[in-house]
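J.: Here you go, one structure.
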There are 2 protein chains.
Amino acid sequence: MGRVSDAKKRLMDAVSELIWTGSYGSTTIDQICEKAGVKKGSFYYFFDSKCELAAEAFDANWQLKRVELDAIFSPMVPPLERLRKYCEFSYRAQRDIKAKYGRVLGCPQFALGAEVCTQEDRLGKKIQEILDYKRKYLESAIRDAHAAGVIKAPDPAAKARMILAYYEGLLTQARIQNDVEVLRDTVGGIFAILGVKESEAVPV
Amino acid sequence: MGRVSDAKKRLMDAVSELIWTGSYGSTTIDQICEKAGVKKGSFYYFFDSKCELAAEAFDANWQLKRVELDAIFSPMVPPLERLRKYCEFSYRAQRDIKAKYGRVLGCPQFALGAEVCTQEDRLGKKIQEILDYKRKYLESAIRDAHAAGVIKAPDPAAKARMILAYYEGLLTQARIQNDVEVLRDTVGGIFAILGVKESEAVPV
DNA sequence: ATAATAGTTGACTATTTAGTCTAGTTTGGT
DNA sequence: ACCAAACTAGACTAAATAGTCAACTATTAT
């Protein structure tokens, strides 16, 4: 009942892109509204603040991302192959982003998290939650690889934390240097951390 | 000739702390001035913009940091020991920071770099430069370790890039989670990347 | 058809912010 | 002593920004 609109979604899309291509602190509500083609009044009809909008937007993006990750980290795929596919996927994604925006943008969650964690508790918690889910994908792949005997990883959670740090660090470096080639051999580092022997690291 | 003052230094100190404990985008010139106990007129006497001030401040901080790193990465110290000392140093530093500010703050350069690289070219370049110097410390330690035969690393630059990504990623994670324990076994990950055998990883 | 609901609009206020300008004050060199 | 250079004070402007509000419009369930 009543009027319908996709303004809410347009606002979420706008804020996501503005934060990713720029930063949280530098995106203003006016900017968001203009990009979304939505007036200020409507903004405040849907959201109380930039912080709340960002939290909802990042949550929605994560729900979409999960679908992709579910496919990549499918238990049907051999565990080390999942990791390789994930790196491949990231590399392609960043390459496409650079083609579109002229910049490598890295991981939206990690960049936002680092920026706002000391100031916006609500957003910080949301980001922590998302990063923790990401870690779980890695963890299950590592656990499966250990069970399959292709690596030795008695503490998969610890290895997953290491790999997430490495992976996110690399994406951030790629963003800072605006160079997608930084990500060229992401999987090499991951396999090194996992102690995968050259012989197990089967070629594509 | 003329009057002397430490206002310039006070401004640089203030901006460093505000960016580190918060973010670049959220620190205003008024805030910087107030923290430094300097009036706006004086701010603009010394600097043209927040960006210029930040660039000078981060440069100055780096000059100080270099002295510490020169000690830690002294060629007099066995190469793997250098890496261990570096991790130990970071852990302690972050622990002290948390005691002081109630927050783990991670690496100032990496956080700032990720935030501003798409918007402030001058600052972005400066940060890239500093991160590259950091990489060189790692690289020389890795090269020395390879030469000493304790690890196999025919491409020390590549390994150094990996380790820097891991190290900075871990610090950023510690910042986001506000948990210094994330850094507890930093060196373990580094040694894993380098393929150091347990037997070579001599206990302290 | 219409009333209730969902969403829109734009003008409005109050603050914050960056940046300027001028008249001053302190200090070192001669 | 005193000049010039180095620095300070603070009032000022203009613009950007967050947030409010009341009147308006479109949709849909009945």
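Chain labels run A, B, ... following the order of the structure tokens; each chain numbers its residues from 1, and ligands are numbered from 1 in the order shown.
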Counting only C-alpha atoms (C1' of nucleotides), which residues of chain D come no farther than 7 Å from chain A, as a list in words?
T.: DA26, DT27, DT28 and DA29 of chain D
J.: Give the alpha helix (DSSP H) residues of chain A, as assigned by DSSP on the backbone, as a ChimeraX atom specification.
T.: /A:7-21,29-36,40-46,50-72,79-101,108-116,121-147,156-177,186-194
J.: Give me the residues within 8 Å of B:Gly195 as a ChimeraX atom specification, counting only C-alpha atoms (C1' of nucleotides) and dropping any in the same chain fewer than 4 places off.
T.: /A:192-193,195 /B:151-152,191
J.: Emit the selected residues as an mmCIF file, in the first residue's frame, including N, CA and C atoms.
T.:
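part_31.cif was written with the following content:
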```cif
data_model
loop_
_atom_site.group_PDB
_atom_site.id
_atom_site.type_symbol
_atom_site.label_atom_id
_atom_site.label_comp_id
_atom_site.auth_asym_id
_atom_site.auth_seq_id
_atom_site.Cartn_x
_atom_site.Cartn_y
_atom_site.Cartn_z
ATOM 1 N N ALA A 192 52.321 -20.531 0.251
ATOM 2 C CA ALA A 192 53.536 -20.480 1.077
ATOM 3 C C ALA A 192 53.160 -20.518 2.554
ATOM 4 N N ILE A 193 52.153 -19.720 2.913
ATOM 5 C CA ILE A 193 51.715 -19.702 4.313
ATOM 6 C C ILE A 193 51.228 -21.091 4.737
ATOM 7 N N GLY A 195 52.230 -23.830 3.498
ATOM 8 C CA GLY A 195 53.268 -24.840 3.330
ATOM 9 C C GLY A 195 52.936 -25.872 2.278
ATOM 10 N N ILE B 151 67.153 -19.831 4.589
ATOM 11 C CA ILE B 151 65.901 -19.956 3.840
ATOM 12 C C ILE B 151 66.234 -20.026 2.357
ATOM 13 N N LYS B 152 65.217 -20.423 1.575
ATOM 14 C CA LYS B 152 65.391 -20.407 0.127
ATOM 15 C C LYS B 152 64.498 -19.301 -0.427
ATOM 16 N N PHE B 191 57.579 -16.385 9.088
ATOM 17 C CA PHE B 191 58.450 -17.557 8.892
ATOM 18 C C PHE B 191 57.772 -18.592 8.006
#
```
J.: Name all residues at most 12 Å from stretch 65-67 of chain B (count only C-alpha atoms (C1' of nucleotides); drop same-chain ones fewer than 6 positions away) and give them as a PDB file with N, CA and C atoms, in the first residue's frame.
T.:
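Contents of selection19.pdb, as written:
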```pdb
ATOM      1  N   PHE B  58      54.021  13.291   8.263  1.00  0.00           N
ATOM      2  CA  PHE B  58      54.320  11.870   8.065  1.00  0.00           C
ATOM      3  C   PHE B  58      55.762  11.681   7.617  1.00  0.00           C
ATOM      4  N   ASP B  59      56.264  12.623   6.888  1.00  0.00           N
ATOM      5  CA  ASP B  59      57.661  12.550   6.492  1.00  0.00           C
ATOM      6  C   ASP B  59      58.572  12.651   7.716  1.00  0.00           C
ATOM      7  N   PHE B  73      67.066  -3.597  12.134  1.00  0.00           N
ATOM      8  CA  PHE B  73      67.515  -4.302  10.931  1.00  0.00           C
ATOM      9  C   PHE B  73      69.024  -4.180  10.704  1.00  0.00           C
ATOM     10  N   SER B  74      69.732  -3.958  11.760  1.00  0.00           N
ATOM     11  CA  SER B  74      71.190  -3.862  11.641  1.00  0.00           C
ATOM     12  C   SER B  74      71.780  -5.134  11.057  1.00  0.00           C
ATOM     13  N   PHE B  89      58.870  -5.796  18.424  1.00  0.00           N
ATOM     14  CA  PHE B  89      58.805  -4.335  18.562  1.00  0.00           C
ATOM     15  C   PHE B  89      57.401  -3.824  18.243  1.00  0.00           C
ATOM     16  N   SER B  90      56.831  -4.312  17.151  1.00  0.00           N
ATOM     17  CA  SER B  90      55.487  -3.882  16.753  1.00  0.00           C
ATOM     18  C   SER B  90      54.456  -4.277  17.790  1.00  0.00           C
ATOM     19  N   CYS B 107      49.048   0.611  11.807  1.00  0.00           N
ATOM     20  CA  CYS B 107      50.104   1.348  11.115  1.00  0.00           C
ATOM     21  C   CYS B 107      49.553   2.651  10.555  1.00  0.00           C
ATOM     22  N   PRO B 108      50.112   3.790  10.996  1.00  0.00           N
ATOM     23  CA  PRO B 108      49.586   5.077  10.542  1.00  0.00           C
ATOM     24  C   PRO B 108      49.664   5.246   9.024  1.00  0.00           C
ATOM     25  N   GLN B 109      50.787   4.822   8.464  1.00  0.00           N
ATOM     26  CA  GLN B 109      50.970   5.017   7.021  1.00  0.00           C
ATOM     27  C   GLN B 109      49.986   4.193   6.194  1.00  0.00           C
ATOM     28  N   ILE B 130      57.153   5.800   1.577  1.00  0.00           N
ATOM     29  CA  ILE B 130      57.501   5.286   2.904  1.00  0.00           C
ATOM     30  C   ILE B 130      57.328   3.771   2.966  1.00  0.00           C
ATOM     31  N   LEU B 131      56.214   3.285   2.410  1.00  0.00           N
ATOM     32  CA  LEU B 131      55.972   1.841   2.442  1.00  0.00           C
ATOM     33  C   LEU B 131      57.041   1.099   1.646  1.00  0.00           C
ATOM     34  N   TYR B 133      60.149   2.048   1.389  1.00  0.00           N
ATOM     35  CA  TYR B 133      61.339   1.978   2.241  1.00  0.00           C
ATOM     36  C   TYR B 133      61.214   0.835   3.237  1.00  0.00           C
ATOM     37  N   LYS B 134      60.025   0.718   3.808  1.00  0.00           N
ATOM     38  CA  LYS B 134      59.792  -0.366   4.761  1.00  0.00           C
ATOM     39  C   LYS B 134      60.073  -1.713   4.107  1.00  0.00           C
ATOM     40  N   LYS B 136      62.055  -2.353   1.814  1.00  0.00           N
ATOM     41  CA  LYS B 136      63.489  -2.568   1.605  1.00  0.00           C
ATOM     42  C   LYS B 136      64.184  -3.134   2.835  1.00  0.00           C
ATOM     43  N   TYR B 137      63.733  -2.729   4.012  1.00  0.00           N
ATOM     44  CA  TYR B 137      64.287  -3.318   5.230  1.00  0.00           C
ATOM     45  C   TYR B 137      64.054  -4.824   5.234  1.00  0.00           C
TER      46      TYR B 137
END
```
J.: Select, as a VMD selection string, those residues of chain C with any atom no more than 12 Å from chain A (distances computed using only C-alpha atoms (C1' of nucleotides)).
T.: chain C and resid 3 to 11
J.: Rank nothing, just name the residue among A:Arg103, A:Lys126, A:Arg10, A:Arg184 nearest to chain B, using only C-alpha atoms.
T.: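 Closest to chain B of all the choices is A:Arg103.
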J.: Pick out the chain B residues within 6 Å of chain A. Count only C-alpha atoms. Give them as a ChimeraX atom specification.
T.: /B:22-23,25-26,113-115,117-118,165-166,168-170,176,192-193
J.: Take the residues from that selection and write them out as a PDB file, in the first residue's frame, keeping N, CA and C atoms.
T.:
```
ATOM      1  N   GLY B  22      41.981   8.759  14.707  1.00  0.00           N
ATOM      2  CA  GLY B  22      40.712   8.890  13.997  1.00  0.00           C
ATOM      3  C   GLY B  22      40.924   8.583  12.537  1.00  0.00           C
ATOM      4  N   SER B  23      40.788   9.589  11.709  1.00  0.00           N
ATOM      5  CA  SER B  23      41.073   9.405  10.291  1.00  0.00           C
ATOM      6  C   SER B  23      41.412  10.763   9.667  1.00  0.00           C
ATOM      7  N   GLY B  25      40.035  12.134   6.955  1.00  0.00           N
ATOM      8  CA  GLY B  25      38.832  12.859   6.565  1.00  0.00           C
ATOM      9  C   GLY B  25      38.091  13.493   7.726  1.00  0.00           C
ATOM     10  N   SER B  26      38.199  12.890   8.876  1.00  0.00           N
ATOM     11  CA  SER B  26      37.433  13.397  10.014  1.00  0.00           C
ATOM     12  C   SER B  26      38.214  14.418  10.844  1.00  0.00           C
ATOM     13  N   GLY B 113      47.252   5.775   3.875  1.00  0.00           N
ATOM     14  CA  GLY B 113      47.399   5.470   2.454  1.00  0.00           C
ATOM     15  C   GLY B 113      46.123   4.911   1.851  1.00  0.00           C
ATOM     16  N   ALA B 114      45.536   3.944   2.551  1.00  0.00           N
ATOM     17  CA  ALA B 114      44.310   3.327   2.044  1.00  0.00           C
ATOM     18  C   ALA B 114      43.182   4.348   1.965  1.00  0.00           C
ATOM     19  N   GLU B 115      43.171   5.268   2.922  1.00  0.00           N
ATOM     20  CA  GLU B 115      42.082   6.242   2.945  1.00  0.00           C
ATOM     21  C   GLU B 115      42.200   7.301   1.849  1.00  0.00           C
ATOM     22  N   CYS B 117      44.464   7.520  -0.900  1.00  0.00           N
ATOM     23  CA  CYS B 117      45.173   7.307  -2.164  1.00  0.00           C
ATOM     24  C   CYS B 117      44.343   7.658  -3.390  1.00  0.00           C
ATOM     25  N   THR B 118      43.037   7.554  -3.321  1.00  0.00           N
ATOM     26  CA  THR B 118      42.234   7.877  -4.508  1.00  0.00           C
ATOM     27  C   THR B 118      41.918   9.365  -4.608  1.00  0.00           C
ATOM     28  N   ALA B 165      52.727  -7.141   2.965  1.00  0.00           N
ATOM     29  CA  ALA B 165      51.266  -7.238   2.874  1.00  0.00           C
ATOM     30  C   ALA B 165      50.709  -7.942   4.094  1.00  0.00           C
ATOM     31  N   TYR B 166      51.324  -9.034   4.452  1.00  0.00           N
ATOM     32  CA  TYR B 166      50.874  -9.802   5.624  1.00  0.00           C
ATOM     33  C   TYR B 166      50.993  -8.966   6.892  1.00  0.00           C
ATOM     34  N   GLU B 168      51.263  -5.658   7.329  1.00  0.00           N
ATOM     35  CA  GLU B 168      50.366  -4.499   7.358  1.00  0.00           C
ATOM     36  C   GLU B 168      48.910  -4.943   7.479  1.00  0.00           C
ATOM     37  N   GLY B 169      48.594  -6.043   6.826  1.00  0.00           N
ATOM     38  CA  GLY B 169      47.243  -6.591   6.934  1.00  0.00           C
ATOM     39  C   GLY B 169      46.923  -6.982   8.363  1.00  0.00           C
ATOM     40  N   LEU B 170      47.884  -7.564   9.026  1.00  0.00           N
ATOM     41  CA  LEU B 170      47.689  -7.991  10.399  1.00  0.00           C
ATOM     42  C   LEU B 170      47.509  -6.781  11.324  1.00  0.00           C
ATOM     43  N   ILE B 176      41.156  -2.852  13.429  1.00  0.00           N
ATOM     44  CA  ILE B 176      39.717  -3.020  13.234  1.00  0.00           C
ATOM     45  C   ILE B 176      39.090  -3.778  14.402  1.00  0.00           C
ATOM     46  N   ALA B 192      56.457 -18.689   8.106  1.00  0.00           N
ATOM     47  CA  ALA B 192      55.738 -19.613   7.233  1.00  0.00           C
ATOM     48  C   ALA B 192      55.881 -19.177   5.777  1.00  0.00           C
ATOM     49  N   ILE B 193      55.718 -17.881   5.537  1.00  0.00           N
ATOM     50  CA  ILE B 193      55.867 -17.363   4.176  1.00  0.00           C
ATOM     51  C   ILE B 193      57.279 -17.634   3.650  1.00  0.00           C
TER      52      ILE B 193
END
```
